[in-house]
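Enquirer: I'm passing along work.cif; it holds mmCIF, C-alpha atoms.
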data_data
loop_
_atom_site.label_atom_id
_atom_site.label_comp_id
_atom_site.auth_asym_id
_atom_site.auth_seq_id
_atom_site.Cartn_x
_atom_site.Cartn_y
_atom_site.Cartn_z
CA MET A 1 7.25 86.86 -128.52
CA LYS A 2 4.24 86.38 -130.81
CA LEU A 3 1.72 89.21 -130.60
CA THR A 4 -1.79 88.17 -131.55
CA SER A 5 -3.64 91.45 -131.28
CA SER A 6 -3.17 95.19 -131.10
CA ARG A 7 -4.08 94.92 -127.41
CA SER A 8 -1.11 92.59 -126.90
CA LEU A 9 1.13 95.02 -128.77
CA ILE A 10 0.08 97.92 -126.54
CA LEU A 11 0.54 95.82 -123.42
CA ALA A 12 3.96 94.66 -124.61
CA ALA A 13 5.00 98.25 -125.32
CA THR A 14 3.89 99.25 -121.83
CA LEU A 15 5.91 96.44 -120.29
CA VAL A 16 8.99 97.14 -122.40
CA PHE A 17 9.01 100.90 -122.17
CA GLY A 18 7.39 101.21 -118.76
CA THR A 19 5.62 104.50 -119.32
CA GLY A 20 3.22 103.84 -116.44
CA LEU A 21 0.68 106.20 -117.98
CA THR A 22 -0.18 104.17 -121.06
CA THR A 23 -3.80 103.18 -121.29
CA PHE A 24 -5.06 99.87 -122.59
CA THR A 25 -7.94 97.46 -122.23
CA LEU A 26 -7.15 94.67 -119.82
CA PRO A 27 -7.99 91.35 -121.52
CA ALA A 28 -9.15 89.80 -118.23
CA LEU A 29 -11.56 92.68 -117.69
CA ALA A 30 -13.10 92.30 -121.12
CA GLU A 31 -14.54 88.97 -120.00
CA ASP A 32 -15.76 90.23 -116.62
CA PRO A 33 -19.26 91.58 -116.05
CA GLY A 34 -19.29 95.33 -115.83
CA THR A 35 -16.59 95.97 -118.37
CA THR A 36 -16.39 96.06 -122.12
CA ALA A 37 -13.70 95.05 -124.52
CA THR A 38 -13.44 98.62 -125.81
CA ALA A 39 -13.43 100.62 -122.58
CA PRO A 40 -9.92 101.96 -122.05
CA VAL A 41 -8.63 101.90 -118.50
CA GLU A 42 -5.40 103.18 -117.08
CA ALA A 43 -2.99 100.33 -116.47
CA GLY A 44 -3.91 98.58 -113.24
CA LYS A 45 -7.06 100.62 -112.63
CA ILE A 46 -10.82 100.22 -112.93
CA SER A 47 -13.12 103.16 -113.55
CA VAL A 48 -15.96 104.16 -111.23
CA GLU A 49 -18.47 103.35 -113.97
CA GLN A 50 -16.99 99.89 -114.51
CA LEU A 51 -17.17 99.13 -110.79
CA LYS A 52 -20.73 100.48 -110.54
CA THR A 53 -21.71 98.13 -113.37
CA ARG A 54 -20.16 95.20 -111.49
CA PHE A 55 -22.35 96.12 -108.50
CA GLU A 56 -25.45 96.31 -110.72
CA LYS A 57 -24.71 92.89 -112.23
CA LYS A 58 -23.93 91.41 -108.81
CA ALA A 59 -20.57 90.20 -110.09
CA ASN A 60 -18.14 88.45 -107.77
CA PHE A 61 -15.43 90.81 -106.46
CA VAL A 62 -13.92 92.18 -103.25
CA VAL A 63 -13.58 95.89 -102.53
CA LEU A 64 -10.67 96.72 -100.25
CA ASP A 65 -10.69 100.01 -98.31
CA VAL A 66 -7.12 101.18 -97.74
CA ARG A 67 -7.86 104.81 -96.89
CA GLY A 68 -5.54 106.47 -94.42
CA GLY A 69 -6.47 108.74 -91.53
CA ASP A 70 -9.53 110.14 -93.27
CA TYR A 71 -11.19 106.74 -92.85
CA ASP A 72 -11.69 107.55 -89.17
CA SER A 73 -13.45 110.83 -89.91
CA SER A 74 -15.74 109.27 -92.50
CA THR A 75 -19.03 107.64 -91.58
CA GLN A 76 -19.33 105.61 -94.78
CA LYS A 77 -17.47 103.22 -97.06
CA ILE A 78 -18.11 101.59 -100.42
CA LYS A 79 -20.86 99.02 -99.97
CA GLY A 80 -19.41 95.71 -98.76
CA ALA A 81 -15.85 96.99 -98.59
CA VAL A 82 -13.34 95.22 -96.38
CA ARG A 83 -11.20 97.57 -94.33
CA ILE A 84 -7.52 96.73 -93.86
CA PRO A 85 -5.42 99.50 -92.30
CA VAL A 86 -1.92 99.93 -93.75
CA ALA A 87 -0.32 98.76 -90.49
CA GLU A 88 -2.18 95.43 -90.72
CA PHE A 89 -1.95 94.94 -94.46
CA SER A 90 0.92 92.43 -94.63
CA ALA A 91 -0.56 90.24 -91.92
CA ARG A 92 -4.14 90.29 -93.22
CA MET A 93 -3.72 90.06 -96.99
CA LYS A 94 -3.60 86.25 -96.69
CA ASP A 95 -7.29 86.40 -95.71
CA LEU A 96 -8.22 87.73 -99.16
CA PRO A 97 -9.26 85.34 -101.95
CA LYS A 98 -6.74 84.85 -104.76
CA ASP A 99 -9.35 83.68 -107.26
CA THR A 100 -11.55 86.80 -107.16
CA LEU A 101 -11.11 90.32 -108.52
CA ILE A 102 -9.92 92.65 -105.74
CA VAL A 103 -10.52 96.39 -106.17
CA THR A 104 -8.53 98.64 -103.85
CA TYR A 105 -9.45 102.24 -103.09
CA CYS A 106 -8.06 105.14 -101.10
CA SER A 107 -8.97 108.81 -100.91
CA CYS A 108 -5.81 110.53 -102.10
CA GLY A 109 -5.89 112.43 -105.36
CA SER A 110 -3.19 110.33 -107.02
CA ASP A 111 -4.61 106.90 -106.08
CA GLY A 112 -1.20 106.26 -104.48
CA GLY A 113 -2.47 104.27 -101.51
CA SER A 114 -4.70 102.03 -103.60
CA MET A 115 -1.99 101.50 -106.23
CA SER A 116 0.53 100.58 -103.51
CA ALA A 117 -1.90 98.11 -101.95
CA ALA A 118 -2.69 96.60 -105.36
CA GLN A 119 1.02 96.20 -106.11
CA ALA A 120 1.65 94.58 -102.71
CA LEU A 121 -1.09 92.07 -103.49
CA ARG A 122 0.37 91.38 -106.94
CA ASP A 123 3.81 90.90 -105.38
CA ASN A 124 2.25 88.22 -103.15
CA GLY A 125 0.65 86.17 -105.89
CA TYR A 126 -2.68 87.94 -106.43
CA THR A 127 -3.21 88.27 -110.16
CA ASN A 128 -6.61 89.95 -110.48
CA VAL A 129 -6.16 93.23 -108.64
CA LEU A 130 -7.12 96.75 -109.74
CA ALA A 131 -7.18 100.16 -108.08
CA LEU A 132 -10.30 102.32 -108.30
CA LYS A 133 -9.45 105.34 -110.42
CA GLY A 134 -10.28 108.47 -108.43
CA GLY A 135 -10.89 106.45 -105.27
CA TRP A 136 -13.38 107.43 -102.58
CA PRO A 137 -13.95 111.02 -103.82
CA ALA A 138 -14.80 109.85 -107.35
CA TRP A 139 -17.04 107.08 -105.99
CA ASN A 140 -19.02 109.57 -103.89
CA GLN A 141 -19.28 112.07 -106.73
CA ALA A 142 -20.62 109.36 -109.05
CA GLY A 143 -23.20 108.18 -106.49
CA GLY A 144 -21.82 104.66 -106.18
CA PRO A 145 -23.38 102.39 -103.51
CA VAL A 146 -22.16 103.13 -99.98
CA GLU A 147 -22.99 101.94 -96.49
CA ASN A 148 -22.35 103.11 -92.95
CA LYS A 149 -19.21 101.73 -91.36
#
Starting from the file, lay out its structure as structure tokens.
Expert:
Amino acid sequence: MKLTSSRSLILAATLVFGTGLTTFTLPALAEDPGTTATAPVEAGKISVEQLKTRFEKKANFVVLDVRGGDYDSSTQKIKGAVRIPVAEFSARMKDLPKDTLIVTYCSCGSDGGSMSAAQALRDNGYTNVLALKGGWPAWNQAGGPVENK
């Protein structure tokens, strides 16, 4: 395998050694509005600030709300988010575009729900999928755009 940059080396090391906690800059994100080539992100995640910038630049993306039971008790969601409950996820994922960035979010502290949803999408041919680091709590704390459900 020919490595052409330090970014490729870090990515290759992550794939080979599978640490899961290694951080790197996703090459695809470096070209997207709302991200920079130097902003480190945890593998498979997008930061609240990066997503807020995408909103500000009116970039093309889909936000996918995969919160669990706390969704019902909440009155709001991230602006424009599509809600797919876990029980309907397999059947409804085909309705999501494969050519657009999809950002998943949940409200658990470990981002487990959003990471699981992102992985399920990747396993089904979606290649541009990221989980929102910190999920719903981090989004609210940062004052990201929301709307009533």
Enquirer: Excluding Ala81 in chain A and any residue of its chain fewer than 6 positions from it, enumerate the residues within 9 Å of it, using all atoms listed in the file, and give them as a PDB file with C-alpha atoms, in the frame of the given file.
Expert:
ATOM      1  CA  VAL A  62     -13.920  92.180-103.250  1.00  0.00           C
ATOM      2  CA  VAL A  63     -13.580  95.890-102.530  1.00  0.00           C
ATOM      3  CA  LEU A  64     -10.670  96.720-100.250  1.00  0.00           C
ATOM      4  CA  ASP A  65     -10.690 100.010 -98.310  1.00  0.00           C
ATOM      5  CA  VAL A 146     -22.160 103.130 -99.980  1.00  0.00           C
ATOM      6  CA  GLU A 147     -22.990 101.940 -96.490  1.00  0.00           C
TER       7      GLU A 147
END
Enquirer: Please identify all polymer residues within 10 Å of Gly113 in chain A, counting all atoms listed in the file, omitting same-chain residues fewer than 2 positions from it, and present them as number ranges by chain.
Expert: A: 65-68, 86, 104-111, 115-119, 131, 135
Enquirer: Go through the shown structure with the PyMOL selection byres ((chain A and resi 48) around 10) and write out the matching residues as a CSV table (one decimal) with C-alpha atoms, in the coordinates of the input.
Expert:
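The resulting file, part.csv, is shown below:
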chain,number,residue,atom,x,y,z
A,45,LYS,CA,-7.1,100.6,-112.6
A,46,ILE,CA,-10.8,100.2,-112.9
A,47,SER,CA,-13.1,103.2,-113.6
A,49,GLU,CA,-18.5,103.4,-114.0
A,50,GLN,CA,-17.0,99.9,-114.5
A,51,LEU,CA,-17.2,99.1,-110.8
A,52,LYS,CA,-20.7,100.5,-110.5
A,53,THR,CA,-21.7,98.1,-113.4
A,54,ARG,CA,-20.2,95.2,-111.5
A,132,LEU,CA,-10.3,102.3,-108.3
A,133,LYS,CA,-9.4,105.3,-110.4
A,134,GLY,CA,-10.3,108.5,-108.4
A,135,GLY,CA,-10.9,106.4,-105.3
A,136,TRP,CA,-13.4,107.4,-102.6
A,138,ALA,CA,-14.8,109.8,-107.4
A,139,TRP,CA,-17.0,107.1,-106.0
A,140,ASN,CA,-19.0,109.6,-103.9
A,141,GLN,CA,-19.3,112.1,-106.7
A,142,ALA,CA,-20.6,109.4,-109.0
A,143,GLY,CA,-23.2,108.2,-106.5
A,144,GLY,CA,-21.8,104.7,-106.2
Enquirer: May I ask for the distance between CA of Ser74 in chain A and CA of Leu130 in chain A, given in Å to one decimal place?
Expert: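 CA of Ser74 in chain A sits 23.0 Å away from CA of Leu130 in chain A.
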Enquirer: Calculate how many Å separate CA of Ile84 in chain A from CA of Leu96 in chain A, rounding to one decimal.
Expert: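 Computing the Euclidean distance for CA of Ile84 in chain A and CA of Leu96 in chain A yields 10.5 Å.
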Enquirer: Can you measure CA of Pro85 in chain A to CA of Gly69 in chain A for me? One decimal in Å is fine.
Expert: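 Atom-to-atom, CA of Pro85 in chain A to CA of Gly69 in chain A, that is 9.3 Å.
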Enquirer: Measuring between only C-alpha atoms, which one of A:Leu101, A:Val129, A:Ala43, A:Ala120 shows the shortest distance to Phe89 in chain A?
Expert: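 For Phe89 in chain A, the nearest of the candidates is A:Ala120.
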Enquirer: Let me know the residues the PyMOL selection byres ((chain A and resi 148) around 6) catches in the file above, as a PyMOL selection string.
Expert: chain A and resi 75-76+147+149
Enquirer: Taking (-6.9, 89.2, -108.4) in the file's coordinates, which residues come within 6 Å, counting all atoms listed in the file, written as a list of chain:residue names?
Expert: A:Lys98, A:Thr100, A:Leu101, A:Ile102, A:Tyr126, A:Thr127, A:Asn128, A:Val129
